[in-house]
>>> print(open('structure05.csv').read())   # CSV, C-alpha atoms
chain,number,residue,atom,x,y,z
A,1,MET,CA,36.2,-90.1,-27.3
A,2,GLN,CA,35.3,-91.1,-23.8
A,3,PHE,CA,35.7,-87.5,-22.7
A,4,VAL,CA,33.4,-86.2,-25.5
A,5,LEU,CA,30.7,-88.7,-24.5
A,6,TYR,CA,31.0,-87.6,-20.9
A,7,PHE,CA,30.8,-84.0,-21.9
A,8,CYS,CA,27.7,-84.6,-24.1
A,9,THR,CA,26.1,-86.6,-21.3
A,10,LEU,CA,26.7,-83.7,-18.9
A,11,ILE,CA,25.1,-81.2,-21.2
A,12,TYR,CA,22.1,-83.5,-21.8
A,13,SER,CA,21.7,-84.0,-18.0
A,14,ASN,CA,21.9,-80.2,-17.3
A,15,SER,CA,19.3,-79.6,-20.1
A,16,LEU,CA,16.9,-82.1,-18.6
A,17,PHE,CA,17.5,-80.5,-15.2
A,18,PHE,CA,16.5,-77.1,-16.5
A,19,LEU,CA,13.5,-78.5,-18.5
A,20,ASN,CA,12.1,-80.0,-15.3
A,21,MET,CA,12.4,-76.7,-13.4
A,22,THR,CA,9.4,-74.3,-13.0
A,23,LYS,CA,10.0,-71.2,-15.0
A,24,ILE,CA,8.8,-68.1,-13.1
A,25,LEU,CA,8.6,-64.5,-14.3
A,26,ILE,CA,9.2,-62.1,-11.4
A,27,THR,CA,8.6,-58.4,-12.2
A,28,GLY,CA,10.2,-55.6,-10.2
A,29,THR,CA,13.4,-57.5,-9.6
A,30,ALA,CA,15.5,-54.2,-9.3
A,31,GLY,CA,13.1,-53.3,-6.5
A,32,PHE,CA,13.3,-54.0,-2.8
A,33,ILE,CA,11.0,-57.0,-2.5
A,34,GLY,CA,11.7,-58.4,-6.0
A,35,PHE,CA,15.4,-58.4,-5.4
A,36,HIS,CA,15.0,-60.4,-2.1
A,37,LEU,CA,12.6,-62.8,-3.7
A,38,VAL,CA,15.1,-63.6,-6.4
A,39,GLN,CA,17.7,-64.2,-3.7
A,40,LYS,CA,15.2,-66.5,-2.0
A,41,LEU,CA,14.4,-68.6,-5.0
A,42,ILE,CA,17.7,-68.6,-6.9
A,43,ASN,CA,19.0,-71.8,-5.3
A,44,LEU,CA,15.7,-73.6,-5.5
A,45,ASP,CA,14.2,-75.5,-8.4
A,46,TYR,CA,13.2,-72.5,-10.5
A,47,GLN,CA,14.3,-70.9,-13.7
A,48,ILE,CA,13.8,-67.2,-13.0
A,49,ILE,CA,13.3,-64.4,-15.5
A,50,GLY,CA,13.5,-61.0,-13.7
A,51,LEU,CA,11.9,-57.9,-15.3
A,52,ASP,CA,12.2,-54.3,-14.3
A,53,SER,CA,11.9,-50.9,-16.0
A,54,ILE,CA,14.6,-49.4,-13.7
A,55,ASN,CA,12.7,-46.1,-13.5
A,56,ASN,CA,14.0,-43.1,-11.5
A,57,TYR,CA,11.3,-42.9,-8.8
A,58,TYR,CA,14.3,-43.3,-6.4
A,59,ASP,CA,18.1,-43.7,-6.7
A,60,ILE,CA,18.7,-45.9,-9.7
A,61,ASP,CA,22.2,-46.7,-8.5
A,62,LEU,CA,20.6,-48.6,-5.7
A,63,LYS,CA,18.5,-50.6,-8.2
A,64,TYR,CA,21.6,-51.4,-10.3
A,65,ALA,CA,23.5,-52.5,-7.1
A,66,ARG,CA,20.7,-54.9,-6.3
A,67,LEU,CA,20.9,-56.3,-9.8
A,68,THR,CA,24.6,-56.6,-9.6
A,69,GLU,CA,24.2,-58.7,-6.4
A,70,CYS,CA,22.3,-61.2,-8.5
A,71,GLY,CA,24.9,-61.3,-11.2
A,72,ILE,CA,23.2,-58.9,-13.7
A,73,LEU,CA,25.9,-56.4,-14.9
A,74,LYS,CA,24.8,-52.8,-15.5
A,75,SER,CA,27.0,-52.7,-18.6
A,76,ASP,CA,25.1,-55.6,-20.2
A,77,ILE,CA,21.6,-54.1,-19.7
A,78,GLN,CA,19.7,-52.9,-22.7
A,79,TYR,CA,16.0,-52.3,-23.2
A,80,ASN,CA,14.1,-55.4,-24.2
A,81,LYS,CA,17.2,-57.7,-24.2
A,82,ILE,CA,17.4,-60.8,-22.1
A,83,ILE,CA,20.7,-61.1,-20.4
A,84,GLN,CA,22.2,-64.0,-18.4
A,85,SER,CA,23.3,-63.7,-14.8
A,86,VAL,CA,27.1,-64.2,-14.4
A,87,LYS,CA,26.5,-65.8,-11.0
A,88,TYR,CA,23.4,-68.0,-11.4
A,89,PRO,CA,22.8,-70.2,-14.5
A,90,ASN,CA,19.0,-70.3,-13.7
A,91,TYR,CA,18.6,-66.5,-13.6
A,92,LYS,CA,18.0,-64.1,-16.6
A,93,PHE,CA,16.9,-60.5,-16.6
A,94,ILE,CA,15.2,-58.2,-19.0
A,95,LYS,CA,14.7,-54.4,-18.8
A,96,LEU,CA,11.1,-53.8,-20.0
A,97,ASN,CA,8.1,-51.6,-19.1
A,98,LEU,CA,4.9,-53.4,-18.2
A,99,GLU,CA,3.1,-50.7,-20.4
A,100,ASP,CA,5.0,-52.1,-23.4
A,101,ARG,CA,2.3,-54.5,-24.4
A,102,GLU,CA,3.9,-55.7,-27.7
A,103,ASN,CA,7.2,-56.8,-26.1
A,104,ILE,CA,5.5,-58.2,-23.0
A,105,ASP,CA,3.5,-60.5,-25.3
A,106,LYS,CA,6.7,-61.5,-27.2
A,107,LEU,CA,8.4,-62.3,-23.9
A,108,PHE,CA,5.7,-64.7,-22.8
A,109,GLU,CA,5.5,-66.3,-26.2
A,110,ASN,CA,9.3,-66.9,-26.4
A,111,GLU,CA,10.0,-68.0,-22.8
A,112,GLN,CA,7.1,-70.4,-22.1
A,113,ILE,CA,6.6,-69.2,-18.6
A,114,ASP,CA,4.8,-71.4,-16.0
A,115,LYS,CA,4.1,-68.9,-13.2
A,116,VAL,CA,4.1,-65.1,-12.7
A,117,CYS,CA,4.9,-63.0,-9.6
A,118,ASN,CA,4.0,-59.4,-10.4
A,119,LEU,CA,5.8,-57.1,-7.9
A,120,ALA,CA,6.4,-54.2,-10.3
A,121,ALA,CA,4.4,-51.1,-9.5
A,122,GLN,CA,4.6,-47.4,-9.0
A,123,ALA,CA,5.0,-47.3,-5.3
A,124,GLY,CA,4.4,-44.7,-2.7
A,125,VAL,CA,1.2,-43.3,-1.1
A,126,ARG,CA,2.3,-39.6,-1.0
A,127,TYR,CA,3.8,-39.6,-4.5
A,128,SER,CA,0.4,-40.6,-5.9
A,129,LEU,CA,-0.9,-37.2,-4.9
A,130,GLU,CA,1.8,-35.5,-7.1
A,131,ASN,CA,1.9,-37.8,-10.1
A,132,PRO,CA,-1.4,-39.8,-10.4
A,133,TYR,CA,-0.8,-40.7,-14.1
A,134,ALA,CA,2.2,-42.8,-13.2
A,135,TYR,CA,0.0,-45.0,-11.1
A,136,ILE,CA,-2.6,-45.5,-13.8
A,137,GLN,CA,0.0,-46.4,-16.4
A,138,SER,CA,2.1,-48.8,-14.3
A,139,ASN,CA,-0.4,-50.2,-11.7
A,140,ILE,CA,-3.5,-50.5,-14.0
A,141,VAL,CA,-2.4,-50.5,-17.6
A,142,GLY,CA,0.8,-52.4,-16.9
A,143,PHE,CA,-1.0,-54.8,-14.6
A,144,LEU,CA,-3.6,-55.6,-17.3
A,145,ASN,CA,-0.9,-56.2,-19.9
A,146,ILE,CA,0.8,-58.8,-17.9
A,147,LEU,CA,-2.4,-60.4,-16.7
A,148,GLU,CA,-3.7,-60.7,-20.3
A,149,ALA,CA,-0.4,-62.2,-21.5
A,150,SER,CA,-0.6,-64.7,-18.6
A,151,LYS,CA,-4.1,-65.7,-19.6
A,152,ARG,CA,-3.2,-66.2,-23.3
A,153,ASN,CA,-0.2,-68.4,-22.3
A,154,ASN,CA,-2.1,-70.5,-19.8
A,155,ILE,CA,0.0,-69.5,-16.7
A,156,GLN,CA,-0.4,-71.9,-13.8
A,157,HIS,CA,-0.5,-69.3,-11.1
A,158,PHE,CA,-0.6,-65.5,-11.2
A,159,VAL,CA,0.7,-64.0,-7.9
A,160,TYR,CA,0.7,-60.2,-7.5
A,161,ALA,CA,1.5,-57.5,-4.9
A,162,SER,CA,-1.4,-55.7,-3.3
A,163,SER,CA,-1.0,-53.5,-0.2
A,164,SER,CA,-2.3,-52.9,3.3
A,165,SER,CA,-3.3,-49.4,2.1
A,166,VAL,CA,-6.4,-50.9,0.5
A,167,TYR,CA,-8.0,-51.0,4.0
A,168,GLY,CA,-8.3,-47.2,3.8
A,169,LEU,CA,-11.0,-45.8,6.1
A,170,ASN,CA,-11.6,-49.2,7.7
A,171,THR,CA,-10.8,-48.9,11.5
A,172,GLN,CA,-11.7,-52.5,12.5
A,173,MET,CA,-8.4,-54.0,13.8
A,174,PRO,CA,-6.7,-56.2,13.0
A,175,PHE,CA,-7.3,-55.8,9.3
A,176,SER,CA,-8.7,-59.0,7.9
A,177,VAL,CA,-8.9,-60.1,4.3
A,178,HIS,CA,-12.5,-60.9,5.0
A,179,HIS,CA,-13.3,-57.2,5.7
A,180,ASN,CA,-14.8,-54.8,3.2
A,181,VAL,CA,-12.1,-52.5,1.5
A,182,ASP,CA,-14.3,-50.2,-0.6
A,183,HIS,CA,-13.0,-46.9,0.8
A,184,PRO,CA,-9.3,-46.3,-0.2
A,185,ILE,CA,-7.9,-42.9,0.7
A,186,SER,CA,-5.1,-42.6,-1.9
A,187,LEU,CA,-4.8,-43.3,-5.6
A,188,TYR,CA,-2.1,-45.8,-4.8
A,189,ALA,CA,-4.5,-47.8,-2.6
A,190,ALA,CA,-7.2,-47.5,-5.2
A,191,SER,CA,-4.9,-48.8,-7.9
A,192,LYS,CA,-4.1,-51.9,-5.7
A,193,LYS,CA,-7.8,-52.5,-5.0
A,194,SER,CA,-8.4,-52.3,-8.7
A,195,ASN,CA,-5.7,-55.0,-9.2
A,196,GLU,CA,-7.6,-57.3,-6.9
A,197,LEU,CA,-10.9,-56.7,-8.7
A,198,ILE,CA,-9.4,-57.2,-12.2
A,199,ALA,CA,-7.6,-60.4,-11.1
A,200,HIS,CA,-10.9,-61.8,-9.7
A,201,SER,CA,-12.6,-61.2,-13.0
A,202,TYR,CA,-9.9,-63.1,-14.8
A,203,SER,CA,-10.1,-66.0,-12.3
A,204,HIS,CA,-13.9,-66.1,-12.8
A,205,LEU,CA,-14.0,-65.8,-16.6
A,206,PHE,CA,-10.9,-67.8,-17.5
A,207,LYS,CA,-10.4,-70.1,-14.5
A,208,MET,CA,-7.0,-68.6,-14.1
A,209,PRO,CA,-5.6,-69.0,-10.5
A,210,THR,CA,-4.7,-65.7,-9.0
A,211,THR,CA,-3.4,-64.7,-5.5
A,212,GLY,CA,-3.1,-61.2,-4.2
A,213,LEU,CA,-0.8,-60.3,-1.3
A,214,ARG,CA,-1.4,-57.3,0.9
A,215,PHE,CA,2.0,-56.4,2.3
A,216,PHE,CA,2.3,-54.5,5.6
A,217,THR,CA,5.1,-51.9,6.0
A,218,VAL,CA,8.0,-53.9,4.6
A,219,TYR,CA,11.5,-53.0,5.9
A,220,GLY,CA,15.1,-54.5,5.9
A,221,PRO,CA,18.4,-54.4,4.1
A,222,TRP,CA,18.4,-53.0,0.5
A,223,GLY,CA,15.2,-51.1,1.4
A,224,ARG,CA,13.6,-48.2,-0.4
A,225,PRO,CA,14.9,-44.7,0.3
A,226,ASP,CA,11.4,-43.3,0.6
A,227,MET,CA,10.4,-45.7,3.5
A,228,ALA,CA,10.5,-44.6,7.2
A,229,LEU,CA,13.4,-46.7,8.4
A,230,PHE,CA,15.6,-45.5,5.6
A,231,ILE,CA,14.6,-41.8,6.0
A,232,PHE,CA,15.0,-41.9,9.8
A,233,THR,CA,18.4,-43.6,9.7
A,234,LYS,CA,19.8,-41.2,7.1
A,235,ALA,CA,18.6,-38.1,8.9
A,236,ILE,CA,19.8,-39.3,12.4
A,237,LEU,CA,23.3,-40.1,11.1
A,238,GLU,CA,23.5,-36.7,9.3
A,239,GLY,CA,22.3,-34.8,12.3
A,240,LYS,CA,19.1,-33.6,10.5
A,241,GLN,CA,15.6,-33.5,11.8
A,242,ILE,CA,13.0,-36.2,11.1
A,243,ASP,CA,9.4,-35.4,10.5
A,244,ILE,CA,7.0,-37.4,12.7
A,245,TYR,CA,3.4,-37.3,11.5
A,246,ASN,CA,0.2,-37.2,13.6
A,247,ASN,CA,2.5,-36.0,16.4
A,248,GLY,CA,3.9,-39.6,16.7
A,249,GLU,CA,0.5,-41.1,17.5
A,250,MET,CA,0.8,-43.8,14.8
A,251,TYR,CA,1.5,-47.5,14.7
A,252,ARG,CA,2.4,-49.9,12.1
A,253,ASP,CA,2.7,-53.7,11.5
A,254,PHE,CA,6.4,-53.5,10.5
A,255,THR,CA,7.2,-56.7,8.6
A,256,TYR,CA,10.8,-57.7,8.0
A,257,ILE,CA,11.7,-58.6,4.4
A,258,ASP,CA,12.7,-62.2,5.1
A,259,ASP,CA,9.2,-62.8,6.5
A,260,ILE,CA,7.7,-61.3,3.3
A,261,VAL,CA,9.6,-63.3,0.8
A,262,GLU,CA,9.1,-66.6,2.7
A,263,GLY,CA,5.4,-65.8,2.5
A,264,ILE,CA,5.6,-65.1,-1.2
A,265,LYS,CA,7.5,-68.4,-1.8
A,266,ARG,CA,4.8,-70.4,0.0
A,267,VAL,CA,2.0,-68.6,-1.9
A,268,ILE,CA,3.7,-69.3,-5.3
A,269,GLU,CA,3.9,-73.0,-4.5
A,270,ASN,CA,0.2,-73.2,-3.4
A,271,ILE,CA,-2.2,-72.6,-6.3
A,272,PRO,CA,-5.6,-71.4,-5.1
A,273,THR,CA,-8.7,-73.5,-5.7
A,274,PRO,CA,-12.4,-72.5,-5.8
A,275,ASN,CA,-14.0,-72.1,-2.4
A,276,MET,CA,-16.9,-74.5,-2.8
A,277,GLU,CA,-18.6,-73.1,0.4
A,278,TRP,CA,-18.6,-69.5,-0.9
A,279,ASN,CA,-22.0,-67.9,-0.2
A,280,SER,CA,-23.2,-65.3,-2.7
A,281,THR,CA,-25.7,-63.9,-0.1
A,282,TYR,CA,-22.8,-63.2,2.3
A,283,PRO,CA,-19.8,-62.8,-0.1
A,284,ASP,CA,-16.4,-63.3,1.3
A,285,PRO,CA,-13.9,-60.8,-0.3
A,286,ALA,CA,-10.9,-63.0,0.3
A,287,THR,CA,-12.1,-66.1,-1.6
A,288,SER,CA,-14.4,-67.0,-4.5
A,289,PRO,CA,-16.1,-69.8,-6.4
A,290,ALA,CA,-13.3,-69.0,-8.8
A,291,PRO,CA,-9.6,-70.0,-8.2
A,292,TYR,CA,-8.9,-66.7,-6.3
A,293,GLN,CA,-7.3,-65.8,-3.0
A,294,ILE,CA,-6.2,-62.8,-1.0
A,295,TYR,CA,-3.7,-62.9,1.9
A,296,ASN,CA,-2.3,-60.4,4.4
A,297,ILE,CA,1.4,-60.8,4.9
A,298,GLY,CA,2.2,-58.8,8.1
A,299,ASN,CA,4.0,-59.4,11.4
A,300,ASN,CA,0.8,-59.5,13.3
A,301,ASN,CA,2.5,-57.4,16.0
A,302,THR,CA,2.0,-53.7,15.8
A,303,VAL,CA,4.7,-51.3,16.9
A,304,ASN,CA,4.2,-47.7,18.0
A,305,LEU,CA,6.1,-45.3,15.7
A,306,MET,CA,7.9,-43.7,18.6
A,307,ASP,CA,9.1,-47.1,19.9
A,308,PHE,CA,10.3,-47.8,16.3
A,309,ILE,CA,12.3,-44.5,16.3
A,310,TYR,CA,13.6,-45.2,19.8
A,311,GLU,CA,15.0,-48.6,18.6
A,312,ILE,CA,16.8,-46.9,15.8
A,313,GLU,CA,18.3,-44.3,18.2
A,314,LYS,CA,19.4,-47.0,20.6
A,315,GLN,CA,21.1,-49.1,18.0
A,316,LEU,CA,22.8,-46.1,16.4
A,317,GLY,CA,23.7,-44.6,19.8
A,318,LYS,CA,22.5,-41.2,18.6
A,319,GLN,CA,19.3,-39.3,19.3
A,320,ALA,CA,17.0,-38.0,16.6
A,321,ILE,CA,16.0,-34.4,16.2
A,322,LYS,CA,12.2,-34.7,16.1
A,323,ASN,CA,9.8,-32.4,14.2
A,324,TYR,CA,6.2,-33.2,15.1
A,325,MET,CA,3.7,-32.7,12.4
A,326,PRO,CA,-0.1,-33.2,11.7
A,327,MET,CA,-1.3,-36.3,9.8
A,328,GLN,CA,-0.6,-36.2,6.0
A,329,ALA,CA,-3.3,-36.6,3.3
A,330,GLY,CA,-3.7,-40.2,2.3
A,331,ASP,CA,-2.0,-41.6,5.4
A,332,VAL,CA,-3.7,-43.7,8.1
A,333,LYS,CA,-3.1,-43.7,11.9
A,334,GLY,CA,-2.5,-47.5,12.2
A,335,THR,CA,-2.2,-50.8,10.5
A,336,SER,CA,-2.5,-54.3,12.0
A,337,ALA,CA,-2.5,-57.6,10.0
A,338,ASP,CA,-4.8,-60.6,10.7
A,339,VAL,CA,-2.8,-63.4,9.2
A,340,ASN,CA,-5.1,-66.3,10.2
A,341,ASP,CA,-5.6,-67.4,6.6
A,342,LEU,CA,-1.8,-67.5,6.0
A,343,ILE,CA,-1.5,-69.7,9.1
A,344,LYS,CA,-4.4,-72.0,8.3
A,345,ASN,CA,-3.7,-72.5,4.6
A,346,LEU,CA,0.1,-72.2,4.4
A,347,ASN,CA,1.2,-73.1,8.0
A,348,TYR,CA,3.1,-69.8,8.1
A,349,LYS,CA,3.3,-66.8,10.4
A,350,PRO,CA,5.8,-63.9,10.1
A,351,SER,CA,7.7,-63.6,13.4
A,352,ILE,CA,10.9,-61.5,13.0
A,353,LYS,CA,11.1,-58.8,15.7
A,354,ILE,CA,12.0,-55.2,15.0
A,355,GLN,CA,15.2,-55.4,17.1
A,356,TYR,CA,16.7,-58.0,14.8
A,357,GLY,CA,15.3,-56.4,11.6
A,358,ILE,CA,16.5,-52.9,12.4
A,359,ALA,CA,20.0,-54.2,13.4
A,360,ASN,CA,20.3,-56.0,10.1
A,361,PHE,CA,19.2,-52.9,8.2
A,362,LEU,CA,21.6,-50.6,10.0
A,363,ASP,CA,24.5,-53.0,9.4
A,364,TRP,CA,23.7,-53.0,5.7
A,365,TYR,CA,23.1,-49.2,5.5
A,366,GLN,CA,26.4,-48.3,7.1
A,367,THR,CA,28.3,-50.8,5.0
A,368,TYR,CA,26.6,-49.8,1.7
A,369,TYR,CA,27.0,-46.1,2.2
A,370,LYS,CA,30.3,-46.4,4.1
>>> encode(input="structure05.csv", output="structure tokens")
Amino acid sequence: MQFVLYFCTLIYSNSLFFLNMTKILITGTAGFIGFHLVQKLINLDYQIIGLDSINNYYDIDLKYARLTECGILKSDIQYNKIIQSVKYPNYKFIKLNLEDRENIDKLFENEQIDKVCNLAAQAGVRYSLENPYAYIQSNIVGFLNILEASKRNNIQHFVYASSSSVYGLNTQMPFSVHHNVDHPISLYAASKKSNELIAHSYSHLFKMPTTGLRFFTVYGPWGRPDMALFIFTKAILEGKQIDIYNNGEMYRDFTYIDDIVEGIKRVIENIPTPNMEWNSTYPDPATSPAPYQIYNIGNNNTVNLMDFIYEIEKQLGKQAIKNYMPMQAGDVKGTSADVNDLIKNLNYKPSIKIQYGIANFLDWYQTYYK
């Protein structure tokens, strides 16, 4: 009898524990950033629902491997079925398309979600030249579906991924969230800019707190195969040539994945409020009289592309076969993040250097691909 009472008390205590936890929906959790964000939040006071369509834009085996790391077994995954992690009691996953409006609505109604972090999107600047419809469906239609569901269910905070690509033709460095970004040069960038505009309209009309995050060239373990570090590493190890655009005269604000997810975590926890000093004569694009905010998350330390390649060569102990090429359509010569708002509002500044970040990636890459 005493054991039964103890067991019931334990179940009741655990139920109360989960009831008091913030429930967050993270989309794109089979993806690079979404996977790392789950790993970051999994041991904190959150109930997490991960969502991903697991599309074939790149190697789906890598996506399933990320899910497996979080205790989501490939054999259990079915479309529109919530499954429980075998590792973490506070993590569940559902395979679902953002474009599936009916089932997105049912998910929100059934799960009583408190916050949303929307990282799911059709990624890639160059691919947007080949398959523009994928970007409209995922990044605009899908974005609207999840934003609308968030509105109807009184979500406390809607956080979403934007991109440094929105700066487009702007050449004023470093890129500031207070700069004009009306001249994107790829459909991917235009779709991310549209997300910011749509989110602002919802913040204004429905007082729904939204925060957009402009990520700068994210890299690290479990990264995407279409990103520079992954492509260069694979080619160098296989003795194949690497294509270097704009004849190597490029620079990027390479940002390590741990810096990115720490920034996202802090943003999720800090719900934006209206800027009462906002001036409609001189409108600030980063804030609003509505509960709306935009942040850059970048390393704030630009690296020349050739120096980046040299660091990979040095750590691999093998030289790259270099093929110099002109600038590609939709690409930009350089990026540099002004993160002053991140420092001022969240007391946070990304700081991990490329030597450390590249070493960690190479360790993972050579272990994962044996």
>>> atom_distance(input="structure05.csv", atom1="CA of Ile242 in chain A", atom2="CA of Met227 in chain A")
12.4 Å
>>> closest_residue(input="structure05.csv", among="A:Ser288, A:Asn80, A:Tyr57, A:Pro174", to="Asn103 in chain A", atoms="only C-alpha atoms")
A:Asn80
>>> atom_distance(input="structure05.csv", atom1="CA of Gly71 in chain A", atom2="CA of Asp363 in chain A")
22.2 Å
>>> residues_around(input="structure05.csv", residues="Ser186 in chain A", least_positions_apart="2", cutoff="9 Å", atoms="only C-alpha atoms", output="PyMOL selection string")
chain A and resi 125-126+128-129+165-166+168+184+188-191+329-331
>>> atom_distance(input="structure05.csv", atom1="CA of Gln172 in chain A", atom2="CA of Ser351 in chain A")
22.4 Å
>>> residues_around(input="structure05.csv", residues="range 40-48 of chain A", least_positions_apart="3", cutoff="12 Å", atoms="only C-alpha atoms", output="ChimeraX atom specification")
/A:15,17-27,29,33-37,51,69-71,82-85,87-94,111-117,257-266,268-269
>>> closest_residue(input="structure05.csv", among="A:Glu99, A:Asp182, A:Asp284, A:Asp59", to="Ile136 in chain A", atoms="all atoms listed in the file")
A:Glu99
>>> residues_around(input="structure05.csv", residues="His157 in chain A", least_positions_apart="2", cutoff="12 Å", atoms="all atoms listed in the file", output="PDB file with C-alpha atoms, in the coordinates of the input")
ATOM      1  CA  THR A  22       9.400 -74.300 -13.000  1.00  0.00           C
ATOM      2  CA  LYS A  23      10.000 -71.200 -15.000  1.00  0.00           C
ATOM      3  CA  ILE A  24       8.800 -68.100 -13.100  1.00  0.00           C
ATOM      4  CA  LEU A  25       8.600 -64.500 -14.300  1.00  0.00           C
ATOM      5  CA  ILE A 113       6.600 -69.200 -18.600  1.00  0.00           C
ATOM      6  CA  ASP A 114       4.800 -71.400 -16.000  1.00  0.00           C
ATOM      7  CA  LYS A 115       4.100 -68.900 -13.200  1.00  0.00           C
ATOM      8  CA  VAL A 116       4.100 -65.100 -12.700  1.00  0.00           C
ATOM      9  CA  CYS A 117       4.900 -63.000  -9.600  1.00  0.00           C
ATOM     10  CA  ASN A 118       4.000 -59.400 -10.400  1.00  0.00           C
ATOM     11  CA  LEU A 147      -2.400 -60.400 -16.700  1.00  0.00           C
ATOM     12  CA  SER A 150      -0.600 -64.700 -18.600  1.00  0.00           C
ATOM     13  CA  LYS A 151      -4.100 -65.700 -19.600  1.00  0.00           C
ATOM     14  CA  ASN A 153      -0.200 -68.400 -22.300  1.00  0.00           C
ATOM     15  CA  ASN A 154      -2.100 -70.500 -19.800  1.00  0.00           C
ATOM     16  CA  ILE A 155       0.000 -69.500 -16.700  1.00  0.00           C
ATOM     17  CA  VAL A 159       0.700 -64.000  -7.900  1.00  0.00           C
ATOM     18  CA  TYR A 160       0.700 -60.200  -7.500  1.00  0.00           C
ATOM     19  CA  ALA A 199      -7.600 -60.400 -11.100  1.00  0.00           C
ATOM     20  CA  TYR A 202      -9.900 -63.100 -14.800  1.00  0.00           C
ATOM     21  CA  SER A 203     -10.100 -66.000 -12.300  1.00  0.00           C
ATOM     22  CA  LYS A 207     -10.400 -70.100 -14.500  1.00  0.00           C
ATOM     23  CA  MET A 208      -7.000 -68.600 -14.100  1.00  0.00           C
ATOM     24  CA  PRO A 209      -5.600 -69.000 -10.500  1.00  0.00           C
ATOM     25  CA  THR A 210      -4.700 -65.700  -9.000  1.00  0.00           C
ATOM     26  CA  THR A 211      -3.400 -64.700  -5.500  1.00  0.00           C
ATOM     27  CA  GLY A 212      -3.100 -61.200  -4.200  1.00  0.00           C
ATOM     28  CA  VAL A 267       2.000 -68.600  -1.900  1.00  0.00           C
ATOM     29  CA  ILE A 268       3.700 -69.300  -5.300  1.00  0.00           C
ATOM     30  CA  GLU A 269       3.900 -73.000  -4.500  1.00  0.00           C
ATOM     31  CA  ASN A 270       0.200 -73.200  -3.400  1.00  0.00           C
ATOM     32  CA  ILE A 271      -2.200 -72.600  -6.300  1.00  0.00           C
ATOM     33  CA  PRO A 272      -5.600 -71.400  -5.100  1.00  0.00           C
ATOM     34  CA  THR A 273      -8.700 -73.500  -5.700  1.00  0.00           C
ATOM     35  CA  PRO A 291      -9.600 -70.000  -8.200  1.00  0.00           C
ATOM     36  CA  TYR A 292      -8.900 -66.700  -6.300  1.00  0.00           C
ATOM     37  CA  GLN A 293      -7.300 -65.800  -3.000  1.00  0.00           C
TER      38      GLN A 293
END
>>> closest_atom_pairs(input="structure05.csv", of="range 94-205 of chain A", to="range 332-340 of chain A", cutoff="8 Å", atoms="all atoms listed in the file", output="JSON lines")
{"residue": "A:Ser164", "atom": "CA", "partner": "A:Thr335", "partner_atom": "CA", "distance": 7.5}
{"residue": "A:Gly168", "atom": "CA", "partner": "A:Val332", "partner_atom": "CA", "distance": 7.2}
{"residue": "A:Leu169", "atom": "CA", "partner": "A:Val332", "partner_atom": "CA", "distance": 7.9}
{"residue": "A:Met173", "atom": "CA", "partner": "A:Ser336", "partner_atom": "CA", "distance": 6.2}
{"residue": "A:Pro174", "atom": "CA", "partner": "A:Ser336", "partner_atom": "CA", "distance": 4.7}
{"residue": "A:Phe175", "atom": "CA", "partner": "A:Ala337", "partner_atom": "CA", "distance": 5.2}
{"residue": "A:Ser176", "atom": "CA", "partner": "A:Asp338", "partner_atom": "CA", "distance": 5.1}
{"residue": "A:Val177", "atom": "CA", "partner": "A:Asp338", "partner_atom": "CA", "distance": 7.6}
>>> closest_residue(input="structure05.csv", among="A:Phe206, A:Tyr133, A:Trp364, A:Tyr127", to="Gln156 in chain A", atoms="all atoms listed in the file")
A:Phe206
>>> closest_residue(input="structure05.csv", among="A:Asn304, A:Leu316, A:Asn145, A:Gly28", to="Lys234 in chain A", atoms="all atoms listed in the file")
A:Leu316
>>> closest_residue(input="structure05.csv", among="A:Ala120, A:Asp76, A:Leu342, A:Pro274", to="Asn97 in chain A", atoms="only C-alpha atoms")
A:Ala120
>>> residues_around(input="structure05.csv", residues="Phe361 in chain A", least_positions_apart="5", cutoff="8 Å", atoms="only C-alpha atoms", output="PyMOL selection string")
chain A and resi 220-222
>>> residues_around(input="structure05.csv", residues="range 245-248 of chain A", least_positions_apart="2", cutoff="6 Å", atoms="only C-alpha atoms", output="PyMOL selection string")
chain A and resi 250+324-327
>>> closest_residue(input="structure05.csv", among="A:Phe216, A:Trp278, A:Phe143, A:Phe232", to="Lys322 in chain A", atoms="all atoms listed in the file")
A:Phe232
>>> build_atoms(input="structure05.csv", residues="range 190-194 of chain A", atoms="N, CA, C and O atoms", output="CSV table (one decimal), in the coordinates of the input")
chain,number,residue,atom,x,y,z
A,190,ALA,N,-6.2,-47.2,-4.3
A,190,ALA,CA,-7.2,-47.5,-5.2
A,190,ALA,C,-6.7,-48.3,-6.4
A,190,ALA,O,-7.4,-49.2,-6.9
A,191,SER,N,-5.5,-48.1,-6.8
A,191,SER,CA,-4.9,-48.8,-7.9
A,191,SER,C,-4.7,-50.3,-7.5
A,191,SER,O,-4.9,-51.2,-8.3
A,192,LYS,N,-4.3,-50.5,-6.2
A,192,LYS,CA,-4.1,-51.9,-5.7
A,192,LYS,C,-5.4,-52.6,-5.5
A,192,LYS,O,-5.5,-53.8,-5.8
A,193,LYS,N,-6.4,-51.9,-5.1
A,193,LYS,CA,-7.8,-52.5,-5.0
A,193,LYS,C,-8.3,-52.9,-6.4
A,193,LYS,O,-8.9,-53.9,-6.6
A,194,SER,N,-8.0,-52.0,-7.4
A,194,SER,CA,-8.4,-52.3,-8.7
A,194,SER,C,-7.7,-53.6,-9.2
A,194,SER,O,-8.3,-54.4,-10.0
